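> Please see the structure below; I have some questions.
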Amino acid sequence: MDIPIRCNCGRVRGVARSVSPDTVNHAVCYCHDCRAFLHWLERDELLDAHGGTKIIQLGRSRLEIEEGRDQIQCMRLSPKGMHRWYAQCCKTPLANTLPAIPFAGVSRALFDVSADDDESTFGPVMYGNARQAIDDAPPEARLRLRDAVHVTRLLASWALRRLGHPTPFFDKENRPVVTPRVLTTAERQHLREHPRA
């Protein structure tokens, strides 16, 4: 199934291609870095009560941006950190990427589909980095063997099928299409001191 995607204000629009429980990974990530990214964007409402953020991981070339490419910006929490893409128009997170790996961890907030349909559309939730959750992670937030197998199968499939390109985020040499803003040590520390860090 192809699903429309859009930023909060609608200036960035596109489509996620071939989405199904077999082709994507439906995740909630509790890591400090995903939380810091949303704090930096001032989009704390996208975090759950435990500091988790919903992400749909898919083959990078299956995410197409059709409108608003001029609004795409990138930041990195450190010089070697993930490339974290966002729409500058409304500070909507778009995706987390690594240049050499053909995946994009796309913010669930982009998908124009009802939350009631999450499991049938994206499959069961896999939880990541539960030890970094605020307070205690929910009881269901544990890594299961089937989750690890599913993710490994997807990563291998995306690599074998060369789903890294084309992508709205990197050129053919895997150079980012915009120069990322790399946070300073002081900026990272400030984010880690956030009340919900």
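Order determines the names: the first chain of the structure tokens is A, the second B, and so forth; residues in each chain are numbered 1 upward, and ligands are numbered 1 upward as they are shown.
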Could you pull the residues within 8 Å of A:Ala109, counting only C-alpha atoms, minus those fewer than 6 positions along the same chain, as a ChimeraX atom specification?

/A:7,46,54

> Do a neighbour search on A:Cys89 at 8 Å with only C-alpha atoms, toss out local chain neighbours closer than 4 positions, and write the hits as a count of residues only.

3

> Go through A:Ala197, A:Ala87, A:Val182, A:Val149 one by one, measure the shortest atom-to-atom distance of each to A:Cys34 using only C-alpha atoms, and give the residue with the smallest value.

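Using only C-alpha atoms, the shortest distance to A:Cys34 belongs to A:Ala197.
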
> Calculate how many Å separate atom CA of A:Val12 from atom CA of A:Val106, rounding to one decimal.

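Distance between the two atoms: 13.7 Å.
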
> Mind giving me the straight-line distance from atom CA of A:Ile65 to atom CA of A:Thr23 in Å, one decimal?

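Distance reported for this atom pair: 19.1 Å.
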
> Please identify all polymer residues within 9 Å of A:Ile55, counting only C-alpha atoms, omitting same-chain residues fewer than 5 positions from it, and present them as a list in words.

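The neighbour list is Asn25, His26, Ala27, Val28, Cys29, Ala95, Gly105, Val106, Ser107, Arg108 and Ala109 of chain A.
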
> Measuring atom to atom with only C-alpha atoms, identify which of A:Phe122, A:Leu94, A:Tyr127, A:Leu163 is nearest to A:Leu145.

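Closest to A:Leu145, using only C-alpha atoms: A:Tyr127.
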
> Which is closer to A:Lys172 than all the others in A:Pro4, A:Pro102, A:Gly51, A:Pro21, using only C-alpha atoms?

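Looking at the shortest contact to A:Lys172, the residue is A:Pro102.
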
> Expressed in Å to a single decimal, how great is the separation between atom CA of A:Leu98 and atom CA of A:Pro168?

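Atom-to-atom, atom CA of A:Leu98 and atom CA of A:Pro168 are spaced 13.2 Å apart.
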
> Taking the backbone alone, and naming residues the way the document does, which bits of stretch 46-116 of chain A are strand (DSSP E or B) by DSSP, as a short mmCIF file (atom, residue, chain, number, x, y, z; two decimals) with N, CA and C atoms, in the first residue's frame?


data_model
loop_
_atom_site.label_atom_id
_atom_site.label_comp_id
_atom_site.auth_asym_id
_atom_site.auth_seq_id
_atom_site.Cartn_x
_atom_site.Cartn_y
_atom_site.Cartn_z
N LEU A 47 6.30 12.72 21.93
CA LEU A 47 6.84 11.73 22.86
C LEU A 47 5.72 11.15 23.72
N THR A 53 9.25 7.57 21.09
CA THR A 53 8.76 8.18 19.86
C THR A 53 8.47 7.09 18.83
N LYS A 54 7.35 7.25 18.11
CA LYS A 54 6.92 6.25 17.14
C LYS A 54 7.64 6.47 15.81
N ILE A 55 8.21 5.39 15.30
CA ILE A 55 9.00 5.44 14.06
C ILE A 55 8.60 4.27 13.17
N ILE A 56 8.48 4.55 11.88
CA ILE A 56 8.25 3.50 10.89
C ILE A 56 9.53 3.38 10.07
N GLN A 57 10.20 2.25 10.18
CA GLN A 57 11.45 2.04 9.46
C GLN A 57 11.14 1.37 8.12
N LEU A 58 11.69 1.94 7.05
CA LEU A 58 11.44 1.39 5.72
C LEU A 58 12.66 1.59 4.84
N GLY A 59 12.66 0.90 3.71
CA GLY A 59 13.73 1.07 2.74
C GLY A 59 13.77 2.52 2.28
N LEU A 63 10.62 6.15 0.37
CA LEU A 63 10.09 7.43 0.84
C LEU A 63 10.35 8.48 -0.23
N GLU A 64 9.29 9.05 -0.77
CA GLU A 64 9.42 10.05 -1.82
C GLU A 64 8.86 11.39 -1.32
N ILE A 65 9.60 12.44 -1.53
CA ILE A 65 9.12 13.79 -1.23
C ILE A 65 8.77 14.45 -2.55
N GLU A 66 7.50 14.79 -2.72
CA GLU A 66 7.01 15.34 -3.99
C GLU A 66 6.87 16.85 -3.96
N GLU A 67 6.64 17.41 -2.78
CA GLU A 67 6.50 18.86 -2.63
C GLU A 67 7.28 19.31 -1.40
N ILE A 72 13.43 20.91 3.45
CA ILE A 72 14.14 19.83 4.14
C ILE A 72 15.46 20.33 4.71
N GLN A 73 15.64 20.11 5.99
CA GLN A 73 16.89 20.44 6.67
C GLN A 73 17.37 19.22 7.45
N CYS A 74 18.62 19.29 7.91
CA CYS A 74 19.24 18.16 8.58
C CYS A 74 20.05 18.64 9.78
N MET A 75 20.02 17.84 10.84
CA MET A 75 20.88 18.11 12.00
C MET A 75 21.50 16.81 12.46
N ARG A 76 22.60 16.94 13.19
CA ARG A 76 23.26 15.80 13.81
C ARG A 76 23.57 16.19 15.25
N HIS A 83 22.02 11.25 10.75
CA HIS A 83 21.45 12.40 10.06
C HIS A 83 19.96 12.42 10.41
N ARG A 84 19.53 13.51 11.02
CA ARG A 84 18.13 13.64 11.45
C ARG A 84 17.49 14.77 10.64
N TRP A 85 16.53 14.38 9.82
CA TRP A 85 15.93 15.27 8.84
C TRP A 85 14.62 15.83 9.37
N TYR A 86 14.34 17.09 9.01
CA TYR A 86 13.11 17.71 9.48
C TYR A 86 12.65 18.76 8.48
N ALA A 87 11.37 19.12 8.59
CA ALA A 87 10.81 20.18 7.76
C ALA A 87 10.98 21.50 8.51
N THR A 92 8.64 19.69 11.80
CA THR A 92 8.16 18.31 11.83
C THR A 92 9.33 17.38 11.55
N PRO A 93 9.57 16.38 12.42
CA PRO A 93 10.63 15.42 12.13
C PRO A 93 10.24 14.59 10.91
N LEU A 94 11.20 14.36 10.03
CA LEU A 94 10.94 13.57 8.83
C LEU A 94 11.50 12.16 8.97
N ALA A 95 12.82 12.06 9.15
CA ALA A 95 13.43 10.73 9.18
C ALA A 95 14.81 10.79 9.82
N ASN A 96 15.23 9.64 10.31
CA ASN A 96 16.59 9.43 10.81
C ASN A 96 17.27 8.47 9.84
N THR A 97 18.51 8.79 9.46
CA THR A 97 19.21 7.97 8.47
C THR A 97 20.69 7.85 8.81
N LEU A 98 21.31 6.85 8.19
CA LEU A 98 22.76 6.68 8.17
C LEU A 98 23.16 6.55 6.71
N ILE A 101 23.61 2.89 5.16
CA ILE A 101 22.58 1.86 5.38
C ILE A 101 21.30 2.33 4.70
N PRO A 102 20.67 1.48 3.87
CA PRO A 102 19.52 1.92 3.08
C PRO A 102 18.20 1.93 3.85
N PHE A 103 18.20 2.48 5.04
CA PHE A 103 16.95 2.56 5.79
C PHE A 103 16.67 4.01 6.17
N ALA A 104 15.39 4.28 6.40
CA ALA A 104 14.96 5.56 6.94
C ALA A 104 14.00 5.26 8.08
N GLY A 105 14.28 5.82 9.24
CA GLY A 105 13.37 5.72 10.37
C GLY A 105 12.46 6.94 10.33
N VAL A 106 11.27 6.76 9.76
CA VAL A 106 10.37 7.87 9.45
C VAL A 106 9.42 8.11 10.62
N SER A 107 9.26 9.37 10.99
CA SER A 107 8.34 9.71 12.08
C SER A 107 6.92 9.26 11.74
N PHE A 111 2.63 10.07 8.58
CA PHE A 111 1.75 9.19 7.81
C PHE A 111 0.29 9.61 7.93
#

> What are the DSSP helix (DSSP H, G or I) residues of chain A, as a compact mmCIF listing (two decimals) with N, CA and C atoms, in the first residue's frame?


# COMPACT_ATOMS: atom_id res chain seq x y z
N HIS A 32 17.89 8.25 24.20
CA HIS A 32 18.13 9.64 24.56
C HIS A 32 18.23 10.52 23.31
N ASP A 33 18.83 9.99 22.25
CA ASP A 33 19.07 10.80 21.06
C ASP A 33 17.77 11.13 20.32
N CYS A 34 16.86 10.16 20.18
CA CYS A 34 15.58 10.47 19.53
C CYS A 34 14.80 11.49 20.34
N ARG A 35 14.89 11.37 21.66
CA ARG A 35 14.22 12.32 22.54
C ARG A 35 14.85 13.71 22.40
N ALA A 36 16.18 13.76 22.37
CA ALA A 36 16.89 15.03 22.23
C ALA A 36 16.52 15.73 20.92
N PHE A 37 16.38 14.96 19.86
CA PHE A 37 16.00 15.52 18.56
C PHE A 37 14.63 16.22 18.66
N LEU A 38 13.66 15.54 19.29
CA LEU A 38 12.34 16.15 19.41
C LEU A 38 12.35 17.35 20.36
N HIS A 39 13.17 17.31 21.41
CA HIS A 39 13.32 18.48 22.27
C HIS A 39 13.90 19.65 21.46
N TRP A 40 14.90 19.36 20.65
CA TRP A 40 15.54 20.39 19.84
C TRP A 40 14.53 21.03 18.87
N LEU A 41 13.64 20.19 18.32
CA LEU A 41 12.61 20.70 17.42
C LEU A 41 11.45 21.36 18.16
N ASP A 44 7.82 18.16 21.72
CA ASP A 44 7.69 17.19 22.80
C ASP A 44 6.37 16.44 22.78
N GLU A 45 5.36 16.99 22.12
CA GLU A 45 4.06 16.30 22.06
C GLU A 45 4.13 14.99 21.28
N LEU A 46 5.23 14.77 20.55
CA LEU A 46 5.39 13.52 19.81
C LEU A 46 6.03 12.42 20.66
N ARG A 60 14.95 3.13 2.31
CA ARG A 60 15.09 4.57 2.10
C ARG A 60 14.47 5.06 0.79
N SER A 61 14.61 4.30 -0.29
CA SER A 61 14.09 4.76 -1.58
C SER A 61 12.58 4.68 -1.66
N ARG A 62 11.94 4.05 -0.67
CA ARG A 62 10.48 3.97 -0.68
C ARG A 62 9.82 5.22 -0.11
N ARG A 69 10.63 20.16 -1.09
CA ARG A 69 12.02 19.75 -0.88
C ARG A 69 12.88 20.89 -0.36
N ASP A 70 12.51 22.11 -0.71
CA ASP A 70 13.29 23.27 -0.24
C ASP A 70 13.16 23.48 1.27
N GLN A 71 12.21 22.79 1.90
CA GLN A 71 12.02 22.91 3.34
C GLN A 71 12.80 21.86 4.14
N ARG A 108 6.29 8.56 12.67
CA ARG A 108 4.90 8.11 12.48
C ARG A 108 3.98 9.31 12.24
N ALA A 109 4.35 10.47 12.78
CA ALA A 109 3.52 11.67 12.65
C ALA A 109 3.31 12.08 11.19
N LEU A 110 4.17 11.64 10.28
CA LEU A 110 4.05 12.02 8.87
C LEU A 110 2.96 11.27 8.14
N ALA A 115 -4.52 6.32 13.41
CA ALA A 115 -3.78 5.55 14.42
C ALA A 115 -4.50 4.24 14.75
N ASP A 116 -5.80 4.19 14.52
CA ASP A 116 -6.56 2.96 14.77
C ASP A 116 -6.11 1.83 13.85
N ASP A 117 -5.50 2.18 12.73
CA ASP A 117 -5.07 1.18 11.74
C ASP A 117 -3.60 0.84 11.84
N ASP A 118 -2.90 1.30 12.89
CA ASP A 118 -1.45 1.13 12.97
C ASP A 118 -1.01 -0.32 12.82
N GLU A 119 -1.61 -1.23 13.58
CA GLU A 119 -1.11 -2.61 13.55
C GLU A 119 -1.39 -3.27 12.21
N SER A 120 -2.57 -3.04 11.64
CA SER A 120 -2.86 -3.67 10.34
C SER A 120 -2.02 -3.05 9.22
N THR A 121 -1.66 -1.78 9.37
CA THR A 121 -0.87 -1.10 8.34
C THR A 121 0.62 -1.37 8.49
N PHE A 122 1.13 -1.26 9.72
CA PHE A 122 2.57 -1.31 9.95
C PHE A 122 3.05 -2.57 10.67
N ALA A 130 14.62 0.34 25.55
CA ALA A 130 13.69 0.49 26.67
C ALA A 130 14.40 0.89 27.96
N ARG A 131 15.67 0.54 28.09
CA ARG A 131 16.41 0.90 29.31
C ARG A 131 16.60 2.41 29.45
N GLN A 132 16.44 3.14 28.36
CA GLN A 132 16.59 4.59 28.39
C GLN A 132 15.25 5.31 28.55
N LEU A 145 12.69 -12.13 20.25
CA LEU A 145 13.49 -12.75 19.20
C LEU A 145 12.87 -12.51 17.84
N ARG A 146 11.55 -12.64 17.74
CA ARG A 146 10.89 -12.44 16.44
C ARG A 146 11.10 -11.02 15.92
N ASP A 147 11.20 -10.03 16.83
CA ASP A 147 11.46 -8.65 16.42
C ASP A 147 12.85 -8.52 15.82
N ALA A 148 13.83 -9.12 16.48
CA ALA A 148 15.21 -9.06 15.99
C ALA A 148 15.32 -9.74 14.62
N VAL A 149 14.64 -10.85 14.46
CA VAL A 149 14.67 -11.57 13.17
C VAL A 149 14.02 -10.72 12.08
N HIS A 150 12.89 -10.09 12.41
CA HIS A 150 12.18 -9.25 11.44
C HIS A 150 13.06 -8.09 10.96
N VAL A 151 13.70 -7.40 11.91
CA VAL A 151 14.56 -6.26 11.56
C VAL A 151 15.75 -6.71 10.73
N THR A 152 16.38 -7.81 11.12
CA THR A 152 17.53 -8.33 10.37
C THR A 152 17.14 -8.69 8.95
N ARG A 153 15.98 -9.34 8.80
CA ARG A 153 15.49 -9.72 7.47
C ARG A 153 15.24 -8.47 6.61
N LEU A 154 14.63 -7.45 7.23
CA LEU A 154 14.35 -6.23 6.48
C LEU A 154 15.63 -5.54 6.02
N LEU A 155 16.58 -5.37 6.93
CA LEU A 155 17.84 -4.70 6.57
C LEU A 155 18.55 -5.44 5.44
N ALA A 156 18.57 -6.77 5.52
CA ALA A 156 19.21 -7.56 4.45
C ALA A 156 18.46 -7.38 3.13
N SER A 157 17.14 -7.39 3.20
CA SER A 157 16.32 -7.24 2.00
C SER A 157 16.54 -5.86 1.35
N TRP A 158 16.56 -4.81 2.18
CA TRP A 158 16.75 -3.46 1.63
C TRP A 158 18.13 -3.33 0.98
N ALA A 159 19.14 -3.95 1.58
CA ALA A 159 20.49 -3.89 1.02
C ALA A 159 20.56 -4.67 -0.29
N LEU A 160 20.04 -5.89 -0.30
CA LEU A 160 20.09 -6.73 -1.50
C LEU A 160 19.29 -6.13 -2.65
N THR A 185 28.90 20.54 21.83
CA THR A 185 28.82 19.80 23.09
C THR A 185 27.88 20.50 24.06
N ALA A 186 27.95 21.82 24.13
CA ALA A 186 27.09 22.59 25.04
C ALA A 186 25.62 22.45 24.65
N GLU A 187 25.34 22.46 23.35
CA GLU A 187 23.95 22.30 22.90
C GLU A 187 23.42 20.91 23.24
N ARG A 188 24.26 19.89 23.05
CA ARG A 188 23.82 18.53 23.41
C ARG A 188 23.58 18.42 24.90
N GLN A 189 24.46 19.01 25.70
CA GLN A 189 24.30 18.96 27.15
C GLN A 189 23.01 19.64 27.58
N HIS A 190 22.70 20.76 26.96
CA HIS A 190 21.46 21.47 27.27
C HIS A 190 20.24 20.58 27.00
N LEU A 191 20.26 19.86 25.89
CA LEU A 191 19.14 18.97 25.57
C LEU A 191 19.04 17.82 26.57
N ARG A 192 20.18 17.33 27.03
CA ARG A 192 20.17 16.23 27.99
C ARG A 192 19.71 16.67 29.37

> Quick one: residues within 7 Å of A:Arg17, only C-alpha atoms, excluding same-chain residues fewer than 2 positions away - as a list of chain:residue names?

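Residues near the query, excluding close chain neighbours: A:Met1, A:Asp2, A:Ile3, A:Val15, A:Val19, A:Arg62, A:Leu63.
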